[in-house]
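*Asks:* My structure is stored as target_36.cif, with mmCIF, C-alpha atoms.
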data_work
#
loop_
_atom_site.label_atom_id
_atom_site.label_comp_id
_atom_site.auth_asym_id
_atom_site.auth_seq_id
_atom_site.Cartn_x
_atom_site.Cartn_y
_atom_site.Cartn_z
CA ASP N 35 0.00 0.00 0.00
CA ALA N 36 1.57 3.29 -1.12
CA ALA N 37 -0.14 5.27 1.67
CA THR N 38 1.37 3.12 4.43
CA PRO N 39 4.17 5.06 6.15
CA TYR N 40 7.52 3.35 6.59
CA VAL N 41 9.94 3.59 9.48
CA LYS N 42 13.66 3.08 9.05
CA VAL N 43 14.78 0.51 11.57
CA PRO N 44 18.51 0.09 12.26
CA THR N 45 19.81 -3.47 11.91
CA GLU N 46 23.27 -4.99 12.08
CA GLY N 47 23.74 -4.72 8.31
CA GLY N 48 22.26 -1.25 7.81
CA TYR N 49 18.63 -0.20 7.66
CA THR N 50 15.44 -1.98 6.79
CA ALA N 51 11.98 -0.52 6.21
CA ALA N 52 9.11 -1.64 8.42
CA THR N 53 5.50 -0.56 8.14
CA THR N 54 3.73 0.95 11.08
CA ALA N 55 1.47 -2.10 11.01
CA LEU N 56 4.52 -3.96 12.30
CA ARG N 57 5.02 -1.33 14.99
CA ALA N 58 5.71 -3.86 17.75
CA GLY N 59 8.39 -5.58 15.72
CA ALA N 60 9.91 -2.26 14.68
CA SER N 61 10.00 -0.91 18.20
CA ALA N 62 11.50 -4.19 19.38
CA ALA N 63 14.22 -3.93 16.73
CA VAL N 64 14.92 -0.37 17.81
CA ALA N 65 15.05 -1.45 21.47
CA SER N 66 17.52 -4.22 20.73
CA SER N 67 19.75 -1.94 18.67
CA SER N 68 19.73 0.74 21.36
CA GLY N 69 20.94 -1.57 24.14
CA GLY N 70 17.50 -2.71 25.34
CA PRO N 71 16.55 -6.37 25.64
CA LYS N 72 17.61 -8.32 22.56
CA LEU N 73 14.60 -9.99 21.02
CA PRO N 74 15.29 -13.34 19.38
CA LYS N 75 14.48 -14.09 15.75
CA SER N 76 13.93 -17.84 16.19
CA CYS N 77 13.08 -20.42 18.81
CA ARG N 78 16.76 -21.41 18.97
CA GLU N 79 17.82 -17.80 19.58
CA LEU N 80 15.21 -17.55 22.36
CA GLU N 81 16.65 -20.68 23.96
CA ARG N 82 20.19 -19.25 23.76
CA GLU N 83 19.05 -15.90 25.16
CA LEU N 84 17.28 -17.63 28.09
CA ARG N 85 20.49 -19.53 28.86
CA ARG N 86 22.57 -16.34 28.61
CA LEU N 87 20.43 -14.34 31.04
CA THR N 88 21.30 -15.03 34.66
CA SER N 89 18.30 -13.95 36.73
CA ASP N 90 14.68 -15.03 36.51
CA GLU N 91 13.66 -11.36 36.45
CA GLU N 92 15.73 -10.73 33.30
CA LYS N 93 14.24 -13.82 31.69
CA ALA N 94 10.72 -12.73 32.67
CA ALA N 95 11.40 -9.29 31.16
CA LEU N 96 12.45 -10.97 27.91
CA LEU N 97 9.28 -13.07 27.87
CA ALA N 98 7.20 -9.95 28.59
CA ASN N 99 8.47 -8.49 25.30
CA LEU N 100 7.12 -11.45 23.31
CA ASP N 101 3.73 -10.34 22.04
CA GLY N 102 1.38 -12.42 19.88
CA ASP N 103 3.00 -11.38 16.60
CA ILE N 104 6.48 -12.16 17.83
CA CYS N 105 5.33 -15.54 19.22
CA ALA N 106 3.71 -16.40 15.90
CA ARG N 107 6.94 -15.54 14.07
CA LEU N 108 9.28 -17.28 16.54
CA PHE N 109 7.27 -20.46 16.72
CA ALA N 110 5.94 -20.60 13.15
CA LYS N 111 7.66 -23.93 12.53
CA GLU N 112 7.98 -25.38 16.00
CA LEU N 113 7.97 -24.68 19.70
CA ASP N 114 10.65 -26.69 21.43
CA ALA N 115 9.28 -28.58 24.44
CA GLU N 116 12.27 -27.58 26.59
CA VAL N 117 11.72 -23.89 25.72
CA LEU N 118 8.04 -24.22 26.69
CA ARG N 119 9.04 -25.86 29.98
CA GLN N 120 11.54 -23.08 30.73
CA MET N 121 8.96 -20.44 29.88
CA LEU N 122 6.42 -21.96 32.30
CA ILE N 123 8.96 -22.08 35.12
CA ILE N 124 10.11 -18.49 34.50
CA LEU N 125 6.52 -17.25 34.38
CA GLU N 126 5.77 -18.99 37.66
CA GLU N 127 8.89 -17.71 39.42
CA ALA N 128 9.23 -14.13 38.23
CA ALA N 129 6.44 -12.86 35.99
CA SER N 130 3.34 -10.98 37.03
CA PRO N 131 0.11 -13.00 36.94
CA ALA N 132 -1.18 -10.95 33.99
CA GLU N 133 2.02 -11.51 31.99
CA GLY N 134 1.87 -15.25 32.57
CA ARG N 135 -1.70 -15.45 31.33
CA ARG N 136 -1.00 -13.17 28.36
CA LEU N 137 1.92 -15.25 27.13
CA LEU N 138 0.05 -18.54 27.56
CA LYS N 139 -2.89 -17.02 25.66
CA ASP N 140 -0.61 -15.82 22.85
CA LEU N 141 0.99 -19.25 22.57
CA ALA N 142 -2.34 -21.09 22.65
CA LEU N 143 -4.18 -18.81 20.22
CA ARG N 144 -1.39 -17.76 17.84
CA CYS N 145 0.57 -21.07 17.68
CA PRO N 146 -1.93 -23.73 18.79
CA ASN N 147 -0.47 -26.67 16.84
CA GLN N 148 3.11 -25.97 17.89
CA THR N 149 2.06 -25.42 21.52
CA SER N 150 0.01 -28.63 21.55
CA MET N 151 2.90 -30.62 20.13
CA ALA N 152 5.40 -29.22 22.66
CA SER N 153 2.99 -29.71 25.56
CA THR N 154 2.85 -33.46 24.92
CA PHE N 155 6.33 -33.60 26.50
CA LEU N 156 5.38 -31.69 29.66
CA THR N 157 5.21 -33.56 32.94
CA HIS N 158 2.16 -33.44 35.19
CA GLU N 159 3.93 -30.96 37.48
CA GLU N 160 4.75 -28.65 34.56
CA ARG N 161 1.13 -28.76 33.39
CA MET N 162 0.06 -27.81 36.91
CA ILE N 163 2.35 -24.76 36.69
CA GLY N 164 0.27 -23.72 33.68
CA ALA N 165 -2.94 -24.28 35.66
CA LYS N 166 -1.58 -22.18 38.52
CA LEU N 167 -0.59 -19.39 36.11
CA LEU N 168 -4.14 -19.32 34.73
CA ALA N 169 -5.64 -19.39 38.23
CA ARG N 170 -3.51 -16.46 39.40
CA ALA N 171 -5.06 -14.15 36.77
CA PRO N 172 -8.66 -15.27 36.18
CA ALA N 173 -10.38 -14.52 32.85
CA SER N 174 -13.23 -15.96 30.85
CA GLU N 175 -13.88 -19.68 31.03
CA ASP N 176 -13.84 -19.85 27.21
CA GLU N 177 -10.30 -18.46 27.16
CA ASP N 178 -9.21 -20.91 29.87
CA ILE N 179 -10.65 -23.83 27.91
CA ARG N 180 -8.74 -22.86 24.76
CA ILE N 181 -5.48 -22.37 26.63
CA CYS N 182 -5.93 -25.62 28.56
CA ALA N 183 -6.62 -27.52 25.35
CA ALA N 184 -3.42 -26.23 23.73
CA LEU N 185 -1.32 -27.02 26.82
CA ALA N 186 -2.96 -30.39 27.56
CA ILE N 187 -4.07 -29.16 30.98
CA PRO N 188 -7.33 -30.55 32.37
CA HIS N 189 -9.62 -27.53 32.74
CA SER N 190 -10.61 -28.74 36.20
CA ALA N 191 -6.98 -28.25 37.27
CA VAL N 192 -7.40 -24.47 36.91
CA ALA N 193 -10.36 -24.50 39.32
CA THR N 194 -8.39 -26.70 41.73
CA ALA N 195 -5.41 -24.34 41.53
CA ALA N 196 -7.68 -21.34 42.15
CA LYS N 197 -9.09 -22.97 45.30
CA CYS N 198 -5.58 -23.80 46.55
CA LEU N 199 -4.43 -20.24 45.93
CA GLU N 200 -7.48 -18.81 47.73
CA GLY N 201 -6.87 -21.09 50.70
CA ALA N 202 -3.19 -20.14 50.86
CA GLU N 203 -4.03 -16.42 50.68
CA ALA N 204 -6.61 -16.78 53.46
CA GLN N 205 -3.98 -18.42 55.67
CA GLY N 206 -1.26 -15.93 54.64
CA GLN N 207 0.94 -18.65 53.15
CA GLU N 208 2.97 -18.74 49.97
CA GLU N 209 1.48 -20.35 46.88
CA PRO N 210 0.99 -24.07 47.48
CA GLU N 211 2.41 -26.84 45.35
CA LEU N 212 -0.20 -28.65 43.28
CA ALA N 213 -0.04 -32.42 43.12
#
Rewrite the structure of this file - the entire thing - as structure tokens.

*Replies:*
Amino acid sequence: DAATPYVKVPTEGGYTAATTALRAGASAAVASSSGGPKLPKSCRELERELRRLTSDEEKAALLANLDGDICARLFAKELDAEVLRQMLIILEEAASPAEGRRLLKDLALRCPNQTSMASTFLTHEERMIGAKLLARAPASEDEDIRICAALAIPHSAVATAAKCLEGAEAQGQEEPELA
């Protein structure tokens, strides 16, 4: 479209043009070139970046920068089961409840086949991390069902996790472990 404005985005090899429709990707490229968090271009780069970062907070900040468009691009071909497992653990340990839900939603809705395939390798405990993440930031039941289906989490596990979290909050305890 000739009327679509372009933005020059610095890259390692010079400049590339990006439409404002790809604003999130363009701003991410600008952030990475200006010393901000480096956004990966593939699932393998994400895995390397997660290994490179030392703290869970840094890793959570990286995951917070992955919006739906970036997830769809990163995981267009596949989502590695180990990367999914690491993401769940990082989201549980260091991300805000809303960020955990948002990323799970983006994975489930934007890359459902890749997420379903990777989730077949998750253990029961790792699936329960996903249930706890959904329970910490409640939303519509329809959304929960779609996310649970993609992650192979029984939908009833979200309700169980919510009850455990409510009980722990009432007693002033930390979040309980789900069996």

*Asks:* Quote the spacing between CA of Pro74 in chain N and CA of Lys139 in chain N in Å to one decimal place.

*Replies:* 19.6 Å

*Asks:* Just the number, please: distance in Å from CA of Leu113 in chain N to CA of Leu168 in chain N, one decimal.

*Replies:* 20.0 Å

*Asks:* Quick one: pull the distance between CA of Ala195 in chain N and CA of Glu126 in chain N, Å, one decimal.

*Replies:*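 Computing it gives 13.0 Å between the two atoms.
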
*Asks:* Please return, as a PyMOL selection string, all polymer residues that have at least one atom within 8 Å of the point (-5.2, -17.7, 38.2); use all atoms listed in the file and the file's own coordinate frame.

*Replies:* chain N and resi 131+165-172+192+195-196

*Asks:* Name every residue that the PyMOL selection byres ((chain N and resi 175-187) around 12) selects in this structure, writing the answer as a PDB file with C-alpha atoms, keeping the file's coordinate frame with chains first and numbers rising.

*Replies:*
ATOM      1  CA  LEU N 113       7.970 -24.680  19.700  1.00  0.00           C
ATOM      2  CA  ALA N 115       9.280 -28.580  24.440  1.00  0.00           C
ATOM      3  CA  LEU N 118       8.040 -24.220  26.690  1.00  0.00           C
ATOM      4  CA  ARG N 119       9.040 -25.860  29.980  1.00  0.00           C
ATOM      5  CA  LEU N 122       6.420 -21.960  32.300  1.00  0.00           C
ATOM      6  CA  GLY N 134       1.870 -15.250  32.570  1.00  0.00           C
ATOM      7  CA  ARG N 135      -1.700 -15.450  31.330  1.00  0.00           C
ATOM      8  CA  ARG N 136      -1.000 -13.170  28.360  1.00  0.00           C
ATOM      9  CA  LEU N 137       1.920 -15.250  27.130  1.00  0.00           C
ATOM     10  CA  LEU N 138       0.050 -18.540  27.560  1.00  0.00           C
ATOM     11  CA  LYS N 139      -2.890 -17.020  25.660  1.00  0.00           C
ATOM     12  CA  ASP N 140      -0.610 -15.820  22.850  1.00  0.00           C
ATOM     13  CA  LEU N 141       0.990 -19.250  22.570  1.00  0.00           C
ATOM     14  CA  ALA N 142      -2.340 -21.090  22.650  1.00  0.00           C
ATOM     15  CA  LEU N 143      -4.180 -18.810  20.220  1.00  0.00           C
ATOM     16  CA  ARG N 144      -1.390 -17.760  17.840  1.00  0.00           C
ATOM     17  CA  CYS N 145       0.570 -21.070  17.680  1.00  0.00           C
ATOM     18  CA  PRO N 146      -1.930 -23.730  18.790  1.00  0.00           C
ATOM     19  CA  ASN N 147      -0.470 -26.670  16.840  1.00  0.00           C
ATOM     20  CA  GLN N 148       3.110 -25.970  17.890  1.00  0.00           C
ATOM     21  CA  THR N 149       2.060 -25.420  21.520  1.00  0.00           C
ATOM     22  CA  SER N 150       0.010 -28.630  21.550  1.00  0.00           C
ATOM     23  CA  MET N 151       2.900 -30.620  20.130  1.00  0.00           C
ATOM     24  CA  ALA N 152       5.400 -29.220  22.660  1.00  0.00           C
ATOM     25  CA  SER N 153       2.990 -29.710  25.560  1.00  0.00           C
ATOM     26  CA  THR N 154       2.850 -33.460  24.920  1.00  0.00           C
ATOM     27  CA  PHE N 155       6.330 -33.600  26.500  1.00  0.00           C
ATOM     28  CA  LEU N 156       5.380 -31.690  29.660  1.00  0.00           C
ATOM     29  CA  THR N 157       5.210 -33.560  32.940  1.00  0.00           C
ATOM     30  CA  HIS N 158       2.160 -33.440  35.190  1.00  0.00           C
ATOM     31  CA  GLU N 159       3.930 -30.960  37.480  1.00  0.00           C
ATOM     32  CA  GLU N 160       4.750 -28.650  34.560  1.00  0.00           C
ATOM     33  CA  ARG N 161       1.130 -28.760  33.390  1.00  0.00           C
ATOM     34  CA  MET N 162       0.060 -27.810  36.910  1.00  0.00           C
ATOM     35  CA  ILE N 163       2.350 -24.760  36.690  1.00  0.00           C
ATOM     36  CA  GLY N 164       0.270 -23.720  33.680  1.00  0.00           C
ATOM     37  CA  ALA N 165      -2.940 -24.280  35.660  1.00  0.00           C
ATOM     38  CA  LYS N 166      -1.580 -22.180  38.520  1.00  0.00           C
ATOM     39  CA  LEU N 167      -0.590 -19.390  36.110  1.00  0.00           C
ATOM     40  CA  LEU N 168      -4.140 -19.320  34.730  1.00  0.00           C
ATOM     41  CA  ALA N 169      -5.640 -19.390  38.230  1.00  0.00           C
ATOM     42  CA  ARG N 170      -3.510 -16.460  39.400  1.00  0.00           C
ATOM     43  CA  ALA N 171      -5.060 -14.150  36.770  1.00  0.00           C
ATOM     44  CA  PRO N 172      -8.660 -15.270  36.180  1.00  0.00           C
ATOM     45  CA  ALA N 173     -10.380 -14.520  32.850  1.00  0.00           C
ATOM     46  CA  SER N 174     -13.230 -15.960  30.850  1.00  0.00           C
ATOM     47  CA  PRO N 188      -7.330 -30.550  32.370  1.00  0.00           C
ATOM     48  CA  HIS N 189      -9.620 -27.530  32.740  1.00  0.00           C
ATOM     49  CA  SER N 190     -10.610 -28.740  36.200  1.00  0.00           C
ATOM     50  CA  ALA N 191      -6.980 -28.250  37.270  1.00  0.00           C
ATOM     51  CA  VAL N 192      -7.400 -24.470  36.910  1.00  0.00           C
ATOM     52  CA  ALA N 193     -10.360 -24.500  39.320  1.00  0.00           C
ATOM     53  CA  THR N 194      -8.390 -26.700  41.730  1.00  0.00           C
ATOM     54  CA  ALA N 195      -5.410 -24.340  41.530  1.00  0.00           C
TER      55      ALA N 195
END

*Asks:* Run the PyMOL selection byres ((chain N and resi 85-96) around 8) against the file shown and list the residues it catches, as a VMD selection string.

*Replies:* chain N and resid 71 to 73 81 to 84 97 to 100 124 to 125 127 to 129

*Asks:* When distances are computed from all atoms listed in the file, which of N:Cys198, N:Ala132, N:Cys77, N:Met121 shows the smallest separation from Arg107 in chain N?

*Replies:*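 Ranking N:Cys198, N:Ala132, N:Cys77, N:Met121 by distance to Arg107 in chain N, first place goes to N:Cys77.
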